[in-house]
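What follows is the content of final-v9.pdb, which has PDB, C-alpha atoms:
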```
ATOM      1  CA  MET Q   1      69.133 142.281  91.683  1.00  0.00           C
ATOM      2  CA  LYS Q   2      70.273 138.734  92.377  1.00  0.00           C
ATOM      3  CA  LYS Q   3      69.426 135.762  90.167  1.00  0.00           C
ATOM      4  CA  VAL Q   4      70.462 132.125  89.779  1.00  0.00           C
ATOM      5  CA  PHE Q   5      71.071 130.760  86.282  1.00  0.00           C
ATOM      6  CA  LYS Q   6      71.382 127.128  85.226  1.00  0.00           C
ATOM      7  CA  MET Q   7      74.569 126.201  83.387  1.00  0.00           C
ATOM      8  CA  VAL Q   8      74.916 123.362  80.893  1.00  0.00           C
ATOM      9  CA  ASP Q   9      78.157 121.449  80.192  1.00  0.00           C
ATOM     10  CA  LEU Q  10      80.393 123.272  82.672  1.00  0.00           C
ATOM     11  CA  ASP Q  11      83.439 120.981  82.554  1.00  0.00           C
ATOM     12  CA  CYS Q  12      85.522 121.702  85.643  1.00  0.00           C
ATOM     13  CA  ALA Q  13      85.923 123.713  88.827  1.00  0.00           C
ATOM     14  CA  ASN Q  14      88.993 125.432  87.385  1.00  0.00           C
ATOM     15  CA  CYS Q  15      86.910 126.756  84.465  1.00  0.00           C
ATOM     16  CA  ALA Q  16      84.280 127.958  86.941  1.00  0.00           C
ATOM     17  CA  ALA Q  17      86.936 129.918  88.853  1.00  0.00           C
ATOM     18  CA  LYS Q  18      88.233 131.492  85.631  1.00  0.00           C
ATOM     19  CA  MET Q  19      84.668 132.442  84.664  1.00  0.00           C
ATOM     20  CA  GLU Q  20      84.068 134.077  88.039  1.00  0.00           C
ATOM     21  CA  ASN Q  21      87.245 136.154  87.646  1.00  0.00           C
ATOM     22  CA  GLU Q  22      86.210 137.352  84.172  1.00  0.00           C
ATOM     23  CA  ILE Q  23      82.641 138.167  85.241  1.00  0.00           C
ATOM     24  CA  ARG Q  24      83.860 140.198  88.235  1.00  0.00           C
ATOM     25  CA  LYS Q  25      85.578 142.535  85.729  1.00  0.00           C
ATOM     26  CA  ILE Q  26      82.221 143.449  84.122  1.00  0.00           C
ATOM     27  CA  ASP Q  27      81.047 146.915  85.129  1.00  0.00           C
ATOM     28  CA  GLY Q  28      77.952 146.688  87.356  1.00  0.00           C
ATOM     29  CA  VAL Q  29      78.634 143.224  88.797  1.00  0.00           C
ATOM     30  CA  ILE Q  30      78.276 143.201  92.581  1.00  0.00           C
ATOM     31  CA  SER Q  31      79.046 139.512  93.118  1.00  0.00           C
ATOM     32  CA  VAL Q  32      79.165 136.219  91.245  1.00  0.00           C
ATOM     33  CA  ASN Q  33      79.427 132.622  92.383  1.00  0.00           C
ATOM     34  CA  ILE Q  34      79.626 129.667  90.003  1.00  0.00           C
ATOM     35  CA  SER Q  35      79.058 126.195  91.415  1.00  0.00           C
ATOM     36  CA  PHE Q  36      80.618 123.477  89.277  1.00  0.00           C
ATOM     37  CA  LEU Q  37      78.841 120.708  91.196  1.00  0.00           C
ATOM     38  CA  ALA Q  38      75.404 122.334  91.028  1.00  0.00           C
ATOM     39  CA  GLN Q  39      75.995 123.681  87.494  1.00  0.00           C
ATOM     40  CA  LYS Q  40      74.616 127.076  88.570  1.00  0.00           C
ATOM     41  CA  MET Q  41      75.731 130.691  88.481  1.00  0.00           C
ATOM     42  CA  THR Q  42      74.485 133.157  91.089  1.00  0.00           C
ATOM     43  CA  LEU Q  43      74.825 136.695  89.784  1.00  0.00           C
ATOM     44  CA  GLU Q  44      74.177 139.910  91.696  1.00  0.00           C
ATOM     45  CA  ALA Q  45      74.357 143.071  89.616  1.00  0.00           C
ATOM     46  CA  ASP Q  46      73.026 146.574  89.019  1.00  0.00           C
ATOM     47  CA  ASP Q  47      69.203 146.419  88.656  1.00  0.00           C
ATOM     48  CA  ALA Q  48      68.974 148.955  85.834  1.00  0.00           C
ATOM     49  CA  ARG Q  49      71.349 147.014  83.560  1.00  0.00           C
ATOM     50  CA  PHE Q  50      70.867 143.477  84.848  1.00  0.00           C
ATOM     51  CA  ASP Q  51      69.861 141.866  81.533  1.00  0.00           C
ATOM     52  CA  ALA Q  52      72.838 143.353  79.663  1.00  0.00           C
ATOM     53  CA  ILE Q  53      75.208 142.322  82.462  1.00  0.00           C
ATOM     54  CA  ALA Q  54      73.786 138.763  82.476  1.00  0.00           C
ATOM     55  CA  LYS Q  55      74.346 138.520  78.695  1.00  0.00           C
ATOM     56  CA  ALA Q  56      77.908 139.784  79.092  1.00  0.00           C
ATOM     57  CA  ALA Q  57      78.475 137.194  81.842  1.00  0.00           C
ATOM     58  CA  ALA Q  58      77.169 134.402  79.597  1.00  0.00           C
ATOM     59  CA  LYS Q  59      79.479 135.599  76.805  1.00  0.00           C
ATOM     60  CA  ALA Q  60      82.450 135.583  79.213  1.00  0.00           C
ATOM     61  CA  CYS Q  61      81.641 131.987  80.196  1.00  0.00           C
ATOM     62  CA  LYS Q  62      81.419 130.941  76.542  1.00  0.00           C
ATOM     63  CA  LYS Q  63      84.819 132.535  75.862  1.00  0.00           C
ATOM     64  CA  ILE Q  64      86.448 130.373  78.562  1.00  0.00           C
ATOM     65  CA  ASP Q  65      84.589 127.138  77.757  1.00  0.00           C
ATOM     66  CA  ASP Q  66      82.897 127.206  74.348  1.00  0.00           C
ATOM     67  CA  GLU Q  67      80.774 124.158  75.190  1.00  0.00           C
ATOM     68  CA  CYS Q  68      79.324 125.725  78.339  1.00  0.00           C
ATOM     69  CA  GLU Q  69      75.991 127.493  78.067  1.00  0.00           C
ATOM     70  CA  VAL Q  70      74.281 129.772  80.586  1.00  0.00           C
ATOM     71  CA  ILE Q  71      70.479 129.522  80.430  1.00  0.00           C
ATOM     72  CA  LEU Q  72      69.308 133.174  80.672  1.00  0.00           C
ATOM     73  CA  LYS Q  73      65.637 132.574  81.532  1.00  0.00           C
TER      74      LYS Q  73
END
```
Can the structure from this file be put into structure tokens for me?
Amino acid sequence: MKKVFKMVDLDCANCAAKMENEIRKIDGVISVNISFLAQKMTLEADDARFDAIAKAAAKACKKIDDECEVILK
């Protein structure tokens, strides 16, 4: 499954790159792309566990930039 999530308060492209690297380590992630300019994260992951993987990805983003929020709707 592939989904695009809106991000709020993503501060810089460097943070986005760090977030991508952390999210790629999550088991079940096929691909991830975070656009600093568009403030969006495109996540492709295992269908059966997509919601859990998306939550883990949001948590990873928060760990790198505690002001950044991923809207999981």
Practice problem: Check what the PyMOL selection byres ((chain Q and resi 53-65) around 10) selects in the file above and give those residues as number ranges by chain. | Solution: Q: 3, 5, 7, 9-12, 15-16, 18-29, 32, 41, 43-52, 66-72
Practice problem: May I ask for the distance between CA of Phe36 (chain Q) and CA of Ala13 (chain Q), given in Å to one decimal place? | Solution: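 Here the two named atoms are 5.3 Å from each other.
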Show me, as AutoDock Vina command-line options, the centre and edge lengths in Å to one decimal of the axis-aligned box that covers every listed atom of region 54-59 of chain Q with 3 Å on each side.
```
--center_x 76.6 --center_y 137.1 --center_z 79.6 --size_x 11.7 --size_y 11.4 --size_z 11.7
```
N, CA and C atoms modelled onto region 48-70 of chain Q, as a CSV table (one decimal), in the coordinates of the input:
```csv
chain,number,residue,atom,x,y,z
Q,48,ALA,N,69.3,148.2,87.1
Q,48,ALA,CA,69.0,149.0,85.8
Q,48,ALA,C,69.6,148.3,84.6
Q,49,ARG,N,70.7,147.6,84.7
Q,49,ARG,CA,71.3,147.0,83.6
Q,49,ARG,C,71.5,145.5,83.7
Q,50,PHE,N,70.7,144.9,84.5
Q,50,PHE,CA,70.9,143.5,84.8
Q,50,PHE,C,70.9,142.6,83.6
Q,51,ASP,N,69.9,142.7,82.7
Q,51,ASP,CA,69.9,141.9,81.5
Q,51,ASP,C,71.1,142.0,80.7
Q,52,ALA,N,71.6,143.2,80.5
Q,52,ALA,CA,72.8,143.4,79.7
Q,52,ALA,C,74.0,142.7,80.4
Q,53,ILE,N,74.1,142.9,81.7
Q,53,ILE,CA,75.2,142.3,82.5
Q,53,ILE,C,75.2,140.8,82.4
Q,54,ALA,N,73.9,140.2,82.5
Q,54,ALA,CA,73.8,138.8,82.5
Q,54,ALA,C,74.2,138.2,81.1
Q,55,LYS,N,73.9,138.9,80.0
Q,55,LYS,CA,74.3,138.5,78.7
Q,55,LYS,C,75.9,138.6,78.6
Q,56,ALA,N,76.4,139.6,79.1
Q,56,ALA,CA,77.9,139.8,79.1
Q,56,ALA,C,78.6,138.7,79.9
Q,57,ALA,N,77.9,138.3,81.0
Q,57,ALA,CA,78.5,137.2,81.8
Q,57,ALA,C,78.4,135.9,81.1
Q,58,ALA,N,77.3,135.6,80.4
Q,58,ALA,CA,77.2,134.4,79.6
Q,58,ALA,C,78.2,134.4,78.5
Q,59,LYS,N,78.5,135.5,77.9
Q,59,LYS,CA,79.5,135.6,76.8
Q,59,LYS,C,80.9,135.3,77.4
Q,60,ALA,N,81.2,135.8,78.6
Q,60,ALA,CA,82.4,135.6,79.2
Q,60,ALA,C,82.6,134.1,79.5
Q,61,CYS,N,81.6,133.4,79.9
Q,61,CYS,CA,81.6,132.0,80.2
Q,61,CYS,C,81.9,131.2,78.9
Q,62,LYS,N,81.3,131.6,77.8
Q,62,LYS,CA,81.4,130.9,76.5
Q,62,LYS,C,82.9,131.1,76.0
Q,63,LYS,N,83.5,132.3,76.3
Q,63,LYS,CA,84.8,132.5,75.9
Q,63,LYS,C,85.8,131.6,76.6
Q,64,ILE,N,85.6,131.3,77.8
Q,64,ILE,CA,86.4,130.4,78.6
Q,64,ILE,C,86.2,128.9,78.2
Q,65,ASP,N,84.9,128.5,78.1
Q,65,ASP,CA,84.6,127.1,77.8
Q,65,ASP,C,83.5,127.2,76.7
Q,66,ASP,N,83.9,127.0,75.4
Q,66,ASP,CA,82.9,127.2,74.3
Q,66,ASP,C,81.8,126.2,74.3
Q,67,GLU,N,81.9,125.1,75.1
Q,67,GLU,CA,80.8,124.2,75.2
Q,67,GLU,C,79.8,124.5,76.3
Q,68,CYS,N,80.2,125.4,77.2
Q,68,CYS,CA,79.3,125.7,78.3
Q,68,CYS,C,78.3,126.8,77.9
Q,69,GLU,N,77.1,126.6,78.4
Q,69,GLU,CA,76.0,127.5,78.1
Q,69,GLU,C,75.3,127.9,79.4
Q,70,VAL,N,75.0,129.2,79.5
Q,70,VAL,CA,74.3,129.8,80.6
Q,70,VAL,C,72.9,130.0,80.1
```
